[in-house]
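With mmCIF, C-alpha atoms inside, this is data_21.cif:
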data_model
loop_
_atom_site.group_PDB
_atom_site.id
_atom_site.type_symbol
_atom_site.label_atom_id
_atom_site.label_comp_id
_atom_site.auth_asym_id
_atom_site.auth_seq_id
_atom_site.Cartn_x
_atom_site.Cartn_y
_atom_site.Cartn_z
ATOM 1 C CA VAL K 1 -19.323 35.243 -37.090
ATOM 2 C CA MET K 2 -21.491 33.416 -34.562
ATOM 3 C CA TRP K 3 -22.035 30.627 -37.076
ATOM 4 C CA MET K 4 -18.281 30.241 -37.593
ATOM 5 C CA PHE K 5 -17.657 30.237 -33.833
ATOM 6 C CA ALA K 6 -20.308 27.542 -33.293
ATOM 7 C CA PHE K 7 -18.879 25.479 -36.157
ATOM 8 C CA MET K 8 -15.329 25.684 -34.755
ATOM 9 C CA SER K 9 -16.538 24.820 -31.236
ATOM 10 C CA ALA K 10 -18.408 21.801 -32.544
ATOM 11 C CA ALA K 11 -15.323 20.700 -34.488
ATOM 12 C CA VAL K 12 -13.192 20.912 -31.346
ATOM 13 C CA VAL K 13 -15.720 18.855 -29.348
ATOM 14 C CA VAL K 14 -15.911 16.205 -32.063
ATOM 15 C CA SER K 15 -12.116 16.074 -32.244
ATOM 16 C CA VAL K 16 -11.790 15.587 -28.479
ATOM 17 C CA LEU K 17 -14.480 12.881 -28.426
ATOM 18 C CA THR K 18 -12.863 11.072 -31.349
ATOM 19 C CA SER K 19 -9.470 11.191 -29.655
ATOM 20 C CA ASN K 20 -10.913 9.846 -26.395
ATOM 21 C CA LEU K 21 -12.781 7.031 -28.166
ATOM 22 C CA THR K 22 -9.636 6.087 -30.092
ATOM 23 C CA GLN K 23 -7.634 6.002 -26.863
ATOM 24 C CA LEU K 24 -10.266 3.828 -25.166
ATOM 25 C CA HIS K 25 -10.288 1.495 -28.172
ATOM 26 C CA ILE K 26 -6.492 1.135 -28.014
ATOM 27 C CA ILE K 27 -6.561 0.498 -24.258
ATOM 28 C CA GLY K 28 -9.392 -2.026 -24.637
ATOM 29 C CA GLY K 29 -7.544 -3.836 -27.413
ATOM 30 C CA SER K 30 -4.363 -4.009 -25.356
ATOM 31 C CA ARG K 31 -6.222 -5.449 -22.361
ATOM 32 C CA SER K 32 -7.962 -8.041 -24.552
ATOM 33 C CA ARG K 33 -4.620 -9.161 -25.983
ATOM 34 C CA GLN K 34 -3.098 -9.407 -22.502
ATOM 35 C CA LEU K 35 -5.988 -11.537 -21.226
ATOM 36 C CA ALA K 36 -5.870 -13.746 -24.322
ATOM 37 C CA MET K 37 -2.145 -14.354 -23.782
ATOM 38 C CA LEU K 38 -2.787 -15.225 -20.135
ATOM 39 C CA ARG K 39 -5.517 -17.732 -21.096
ATOM 40 C CA LYS K 40 -3.199 -19.326 -23.687
ATOM 41 C CA TYR K 41 -0.339 -19.555 -21.168
ATOM 42 C CA LEU K 42 -2.559 -21.194 -18.534
ATOM 43 C CA LYS K 43 -3.925 -23.681 -21.072
ATOM 44 C CA GLN K 44 -0.446 -24.584 -22.341
ATOM 45 C CA ASN K 45 0.650 -25.357 -18.793
ATOM 46 C CA SER K 46 -2.436 -27.479 -17.999
ATOM 47 C CA ILE K 47 -3.627 -25.239 -15.169
ATOM 48 C CA SER K 48 -6.904 -26.468 -13.658
ATOM 49 C CA SER K 49 -10.025 -24.661 -14.857
ATOM 50 C CA ASN K 50 -10.919 -23.408 -11.374
ATOM 51 C CA LEU K 51 -7.488 -21.889 -10.736
ATOM 52 C CA ALA K 52 -7.290 -20.518 -14.291
ATOM 53 C CA LEU K 53 -10.642 -18.773 -13.831
ATOM 54 C CA ARG K 54 -9.527 -17.237 -10.541
ATOM 55 C CA MET K 55 -6.281 -16.024 -12.109
ATOM 56 C CA GLN K 56 -8.127 -14.456 -15.042
ATOM 57 C CA ARG K 57 -10.550 -12.696 -12.702
ATOM 58 C CA SER K 58 -7.599 -11.409 -10.680
ATOM 59 C CA ALA K 59 -5.932 -10.131 -13.863
ATOM 60 C CA GLN K 60 -9.156 -8.441 -15.015
ATOM 61 C CA HIS K 61 -9.450 -6.776 -11.614
ATOM 62 C CA ALA K 62 -5.849 -5.577 -11.823
ATOM 63 C CA LEU K 63 -6.454 -4.090 -15.273
ATOM 64 C CA SER K 64 -9.609 -2.244 -14.197
ATOM 65 C CA ALA K 65 -8.623 -1.249 -10.647
ATOM 66 C CA ASP K 66 -6.235 1.401 -9.351
ATOM 67 C CA LEU K 67 -2.875 1.460 -11.101
ATOM 68 C CA THR K 68 0.352 0.595 -9.329
ATOM 69 C CA ALA K 69 3.480 2.654 -9.956
ATOM 70 C CA ASP K 70 5.206 -0.030 -12.059
ATOM 71 C CA LEU K 71 2.443 0.231 -14.692
ATOM 72 C CA VAL K 72 2.903 3.975 -15.266
ATOM 73 C CA GLU K 73 5.736 4.186 -17.791
ATOM 74 C CA LEU K 74 6.427 7.922 -17.427
ATOM 75 C CA LEU K 75 6.868 7.974 -13.652
ATOM 76 C CA PRO K 76 10.588 7.026 -13.679
ATOM 77 C CA VAL K 77 11.442 10.053 -15.860
ATOM 78 C CA VAL K 78 9.708 12.540 -13.544
ATOM 79 C CA ALA K 79 12.207 14.436 -11.383
ATOM 80 C CA GLU K 80 12.842 12.549 -8.137
ATOM 81 C CA PRO K 81 12.037 15.506 -5.820
ATOM 82 C CA LEU K 82 8.578 15.605 -7.404
ATOM 83 C CA ARG K 83 8.129 11.858 -6.928
ATOM 84 C CA VAL K 84 9.153 12.269 -3.283
ATOM 85 C CA GLU K 85 6.387 14.848 -2.836
ATOM 86 C CA MET K 86 3.929 12.620 -4.714
ATOM 87 C CA HIS K 87 4.589 9.629 -2.441
ATOM 88 C CA PHE K 88 4.371 11.861 0.619
ATOM 89 C CA GLU K 89 0.879 12.984 -0.451
ATOM 90 C CA MET K 90 -0.113 9.414 -1.368
ATOM 91 C CA TYR K 91 0.741 7.847 1.984
ATOM 92 C CA LEU K 92 0.383 10.750 4.417
ATOM 93 C CA SER K 93 -3.230 9.957 5.352
ATOM 94 C CA ASN K 94 -2.316 6.325 6.109
ATOM 95 C CA LEU K 95 0.446 7.343 8.508
ATOM 96 C CA GLN K 96 -1.640 10.026 10.188
ATOM 97 C CA ASN K 97 -4.011 7.324 11.461
ATOM 98 C CA HIS K 98 -1.196 6.065 13.698
ATOM 99 C CA THR K 99 -0.338 8.244 16.716
ATOM 100 C CA PHE K 100 3.409 7.573 16.586
ATOM 101 C CA PHE K 101 3.665 8.387 12.887
ATOM 102 C CA SER K 102 1.427 11.414 13.306
ATOM 103 C CA ALA K 103 3.928 12.762 15.859
ATOM 104 C CA TYR K 104 6.833 11.767 13.603
ATOM 105 C CA ILE K 105 5.289 13.744 10.730
ATOM 106 C CA ASN K 106 5.040 16.857 12.892
ATOM 107 C CA GLU K 107 8.548 16.530 14.334
ATOM 108 C CA SER K 108 10.496 15.317 11.295
ATOM 109 C CA PRO K 109 8.586 15.753 8.031
ATOM 110 C CA GLN K 110 11.819 15.450 6.008
ATOM 111 C CA VAL K 111 12.335 11.923 7.385
ATOM 112 C CA ILE K 112 8.740 10.898 6.677
ATOM 113 C CA ARG K 113 9.102 12.134 3.096
ATOM 114 C CA ARG K 114 12.001 9.742 2.584
ATOM 115 C CA ILE K 115 10.116 6.916 4.300
ATOM 116 C CA CYS K 116 7.094 7.445 2.040
ATOM 117 C CA HIS K 117 9.306 7.541 -1.062
ATOM 118 C CA TYR K 118 11.675 4.659 -0.375
ATOM 119 C CA ALA K 119 9.891 2.390 2.132
ATOM 120 C CA MET K 120 6.219 2.479 1.155
ATOM 121 C CA SER K 121 4.376 0.823 -1.702
ATOM 122 C CA THR K 122 0.824 0.060 -2.819
ATOM 123 C CA VAL K 123 -0.535 -3.500 -2.840
ATOM 124 C CA LEU K 124 -3.735 -4.403 -4.735
ATOM 125 C CA LEU K 125 -5.488 -7.667 -3.878
ATOM 126 C CA SER K 126 -8.691 -9.518 -4.756
ATOM 127 C CA THR K 127 -11.169 -11.314 -2.505
ATOM 128 C CA GLY K 128 -9.592 -14.419 -1.000
ATOM 129 C CA ASP K 129 -5.977 -13.360 -1.494
ATOM 130 C CA VAL K 130 -3.727 -14.075 1.493
ATOM 131 C CA VAL K 131 -1.512 -11.209 2.676
ATOM 132 C CA PHE K 132 0.396 -13.318 5.217
ATOM 133 C CA SER K 133 -0.078 -16.608 7.034
ATOM 134 C CA LYS K 134 0.150 -17.767 10.636
ATOM 135 C CA GLY K 135 3.643 -18.926 11.552
ATOM 136 C CA GLU K 136 5.264 -16.993 8.705
ATOM 137 C CA SER K 137 8.489 -15.120 9.437
ATOM 138 C CA PRO K 138 8.709 -12.878 6.357
ATOM 139 C CA SER K 139 12.094 -12.261 4.716
ATOM 140 C CA GLN K 140 10.861 -8.760 3.848
ATOM 141 C CA PRO K 141 8.662 -7.836 6.827
ATOM 142 C CA LYS K 142 6.028 -5.165 6.205
ATOM 143 C CA MET K 143 3.466 -3.262 8.218
ATOM 144 C CA TYR K 144 0.156 -2.788 6.391
ATOM 145 C CA PHE K 145 -2.306 0.114 6.344
ATOM 146 C CA ILE K 146 -5.810 -0.515 4.974
ATOM 147 C CA THR K 147 -6.438 2.152 2.330
ATOM 148 C CA LYS K 148 -9.556 0.717 0.715
ATOM 149 C CA GLY K 149 -11.656 -2.397 1.321
ATOM 150 C CA GLN K 150 -11.705 -4.915 4.164
ATOM 151 C CA CYS K 151 -9.762 -7.981 5.236
ATOM 152 C CA ASP K 152 -10.167 -10.712 7.837
ATOM 153 C CA TYR K 153 -7.497 -11.460 10.405
ATOM 154 C CA VAL K 154 -7.867 -15.046 11.620
ATOM 155 C CA HIS K 155 -6.297 -15.861 14.980
ATOM 156 C CA ALA K 156 -7.121 -18.965 17.034
ATOM 157 C CA GLY K 157 -9.849 -19.803 14.531
ATOM 158 C CA GLU K 158 -11.700 -16.533 15.092
ATOM 159 C CA PRO K 159 -11.878 -14.034 12.188
ATOM 160 C CA GLN K 160 -11.719 -10.329 12.991
ATOM 161 C CA THR K 161 -12.527 -7.730 10.352
ATOM 162 C CA VAL K 162 -9.901 -5.062 9.701
ATOM 163 C CA ASN K 163 -11.370 -1.966 8.061
ATOM 164 C CA GLU K 164 -10.178 1.114 6.222
ATOM 165 C CA ARG K 165 -7.960 3.487 8.238
ATOM 166 C CA GLN K 166 -6.745 0.591 10.394
ATOM 167 C CA TYR K 167 -3.302 -1.009 10.339
ATOM 168 C CA ILE K 168 -1.793 -4.395 11.093
ATOM 169 C CA ALA K 169 1.548 -6.087 11.858
ATOM 170 C CA GLU K 170 3.201 -3.039 13.422
ATOM 171 C CA ALA K 171 5.426 -5.352 15.440
ATOM 172 C CA VAL K 172 7.647 -6.014 12.397
ATOM 173 C CA LEU K 173 8.968 -2.451 12.711
ATOM 174 C CA TRP K 174 10.299 -2.881 16.230
ATOM 175 C CA THR K 175 11.271 -6.518 16.744
ATOM 176 C CA ARG K 176 11.789 -9.830 14.980
ATOM 177 C CA TRP K 177 8.315 -11.098 14.350
ATOM 178 C CA THR K 178 6.469 -14.241 13.362
ATOM 179 C CA HIS K 179 2.893 -13.646 12.232
ATOM 180 C CA GLN K 180 0.434 -14.934 14.821
ATOM 181 C CA GLY K 181 -2.516 -15.220 12.465
ATOM 182 C CA THR K 182 -3.552 -15.143 8.806
ATOM 183 C CA LEU K 183 -4.664 -12.013 6.947
ATOM 184 C CA ILE K 184 -7.073 -12.562 4.038
ATOM 185 C CA ALA K 185 -8.766 -10.028 1.750
ATOM 186 C CA ASN K 186 -12.552 -10.314 1.979
ATOM 187 C CA SER K 187 -13.121 -7.693 -0.741
ATOM 188 C CA ASP K 188 -11.101 -5.904 -3.386
ATOM 189 C CA LEU K 189 -8.340 -4.550 -1.196
ATOM 190 C CA LYS K 190 -5.856 -1.687 -1.452
ATOM 191 C CA LEU K 191 -3.039 -1.649 1.082
ATOM 192 C CA ALA K 192 -0.150 0.684 1.815
ATOM 193 C CA ALA K 193 2.837 -1.448 2.790
ATOM 194 C CA LEU K 194 5.706 -0.118 4.913
ATOM 195 C CA ASP K 195 8.953 -2.057 4.493
ATOM 196 C CA ALA K 196 10.380 -2.564 8.000
ATOM 197 C CA LYS K 197 14.052 -2.848 7.037
ATOM 198 C CA ILE K 198 14.070 0.285 4.879
ATOM 199 C CA PHE K 199 12.114 2.180 7.542
ATOM 200 C CA GLN K 200 14.654 1.199 10.198
ATOM 201 C CA ASP K 201 17.577 2.193 7.968
ATOM 202 C CA ILE K 202 16.142 5.638 7.172
ATOM 203 C CA SER K 203 15.150 6.315 10.781
ATOM 204 C CA ASP K 204 18.610 5.346 12.011
ATOM 205 C CA ARG K 205 20.371 7.614 9.498
ATOM 206 C CA PHE K 206 18.501 10.684 10.700
ATOM 207 C CA LYS K 207 19.582 11.344 14.273
ATOM 208 C CA GLU K 208 16.814 13.325 15.898
ATOM 209 C CA THR K 209 16.803 15.436 19.040
ATOM 210 C CA ALA K 210 16.412 13.694 22.390
ATOM 211 C CA SER K 211 12.794 14.886 22.559
ATOM 212 C CA PHE K 212 11.838 12.622 19.652
ATOM 213 C CA ASP K 213 13.630 9.355 19.135
ATOM 214 C CA PRO K 214 11.805 6.391 17.482
ATOM 215 C CA LYS K 215 13.901 4.021 19.587
ATOM 216 C CA LEU K 216 12.105 5.234 22.727
ATOM 217 C CA TYR K 217 8.751 4.289 21.236
ATOM 218 C CA ALA K 218 10.242 0.991 20.035
ATOM 219 C CA ALA K 219 11.281 0.178 23.602
ATOM 220 C CA ASP K 220 7.792 1.061 24.834
ATOM 221 C CA PHE K 221 6.196 -1.141 22.186
ATOM 222 C CA VAL K 222 8.357 -4.174 22.907
ATOM 223 C CA GLY K 223 7.897 -3.731 26.650
ATOM 224 C CA TYR K 224 4.130 -3.570 26.186
ATOM 225 C CA MET K 225 4.103 -6.683 23.999
ATOM 226 C CA ASN K 226 6.151 -8.574 26.585
ATOM 227 C CA SER K 227 3.622 -7.637 29.270
ATOM 228 C CA LEU K 228 0.732 -9.289 27.395
ATOM 229 C CA ASP K 229 -0.360 -12.882 27.977
ATOM 230 C CA TYR K 230 -0.368 -13.334 24.199
ATOM 231 C CA CYS K 231 0.265 -11.064 21.235
ATOM 232 C CA THR K 232 -1.327 -10.866 17.809
ATOM 233 C CA ASP K 233 -0.605 -8.925 14.633
ATOM 234 C CA LEU K 234 -3.317 -6.482 15.747
ATOM 235 C CA SER K 235 -1.629 -5.631 19.069
ATOM 236 C CA GLN K 236 -1.075 -1.883 19.494
ATOM 237 C CA CYS K 237 0.846 0.224 21.963
ATOM 238 C CA LYS K 238 -0.378 3.625 23.104
ATOM 239 C CA TYR K 239 2.038 6.347 22.073
ATOM 240 C CA ARG K 240 3.268 8.680 24.815
ATOM 241 C CA SER K 241 5.100 11.935 24.247
ATOM 242 C CA PHE K 242 8.770 11.910 25.279
ATOM 243 C CA GLU K 243 9.120 15.682 25.536
#
Entire entry expressed as structure tokens:
Amino acid sequence: VMWMFAFMSAAVVVSVLTSNLTQLHIIGGSRSRQLAMLRKYLKQNSISSNLALRMQRSAQHALSADLTADLVELLPVVAEPLRVEMHFEMYLSNLQNHTFFSAYINESPQVIRRICHYAMSTVLLSTGDVVFSKGESPSQPKMYFITKGQCDYVHAGEPQTVNERQYIAEAVLWTRWTHQGTLIANSDLKLAALDAKIFQDISDRFKETASFDPKLYAADFVGYMNSLDYCTDLSQCKYRSFE
């Protein structure tokens, strides 16, 4: 009996290992084909060798790094309430690093769930990629939270490192904004992006009690920015309770 049990256990282990190796082989083959097609496309369009190499490295990084939602084929068929909860868990820690959003989570978690689901997305970048440039007035303004990695914010010729758990370009949420500097990834970078227009729409559709109204913080933020001699994309306003 013991011999039969050991034999069956070994068979199960071998079966699992074989299945995993087959899956890895399929994934590896698919990635190789994708990279080969990219190389062929770049060559056909006479892309310079330096740029082609950078694009291939970026593609290899994308294939081996964290997945974005658009690459997971089954996600759209998962029930939407479950995806709402998933996005809430994904982006909660980013928002909690900001005092206003931390208070918003406590006061109106149902609103934050919708914001996480509809207004937030993940951005994956490689070293040297530009997130935004000085003088740019984005058509789809976004606030960025650093989830993983580092980036450099260059203002007036001086680079300033922005690390994990920090955020940048909050001003786009509260006023029309032109970026005052350039944000560049200085490592493999994972960002959580908050779409300003969708955030504003969701916040406006949920009328909160007088004790917590995002418009009060917005007025504080704009007033603070106007009081400064100069503003940057790193400028922050201290949150005060309106209770």
Enclose all atoms of region 175-183 of chain K listed in the file in an axis-aligned box, grow every side by 6 Å, and hand back centre and edge lengths in Å to one decimal, as JSON.
{"center_x": 3.6, "center_y": -10.9, "center_z": 11.8, "size_x": 28.5, "size_y": 20.7, "size_z": 21.8}
Please write the residues picked by the PyMOL selection byres ((chain K and resi 196-201) around 10) on this file as JSON, numbers by chain.
{"K": [111, 112, 114, 115, 116, 118, 119, 120, 139, 140, 141, 142, 143, 170, 171, 172, 173, 174, 175, 193, 194, 195, 202, 203, 204, 205, 206, 214, 215]}
What do you get, as a ChimeraX atom specification, if you spell out every residue that the PyMOL selection byres ((chain K and resi 97) around 12) selects here?
/K:91-96,98-105,145-147,164-168
Go ahead and compute the interatomic distance for CA of Glu89 (chain K) and CA of Pro76 (chain K), in Å to one decimal.
17.5 Å
Pick out the residues sitting within 10 Å of Ser187 (chain K), and hand them over as an mmCIF file with C-alpha atoms, keeping the file's coordinate frame; count all atoms listed in the file, and ignore anything fewer than 6 positions along from it in its own chain.
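The result, stored in out-v8.cif:
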data_model
loop_
_atom_site.group_PDB
_atom_site.id
_atom_site.type_symbol
_atom_site.label_atom_id
_atom_site.label_comp_id
_atom_site.auth_asym_id
_atom_site.auth_seq_id
_atom_site.Cartn_x
_atom_site.Cartn_y
_atom_site.Cartn_z
ATOM 1 C CA LEU K 125 -5.488 -7.667 -3.878
ATOM 2 C CA SER K 126 -8.691 -9.518 -4.756
ATOM 3 C CA THR K 127 -11.169 -11.314 -2.505
ATOM 4 C CA GLY K 128 -9.592 -14.419 -1.000
ATOM 5 C CA ASP K 129 -5.977 -13.360 -1.494
ATOM 6 C CA LYS K 148 -9.556 0.717 0.715
ATOM 7 C CA GLY K 149 -11.656 -2.397 1.321
ATOM 8 C CA GLN K 150 -11.705 -4.915 4.164
ATOM 9 C CA CYS K 151 -9.762 -7.981 5.236
ATOM 10 C CA ASP K 152 -10.167 -10.712 7.837
#
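Taking CA of Phe88 (chain K) as the reference point, CA of Thr122 (chain K) is found at 12.8 Å.
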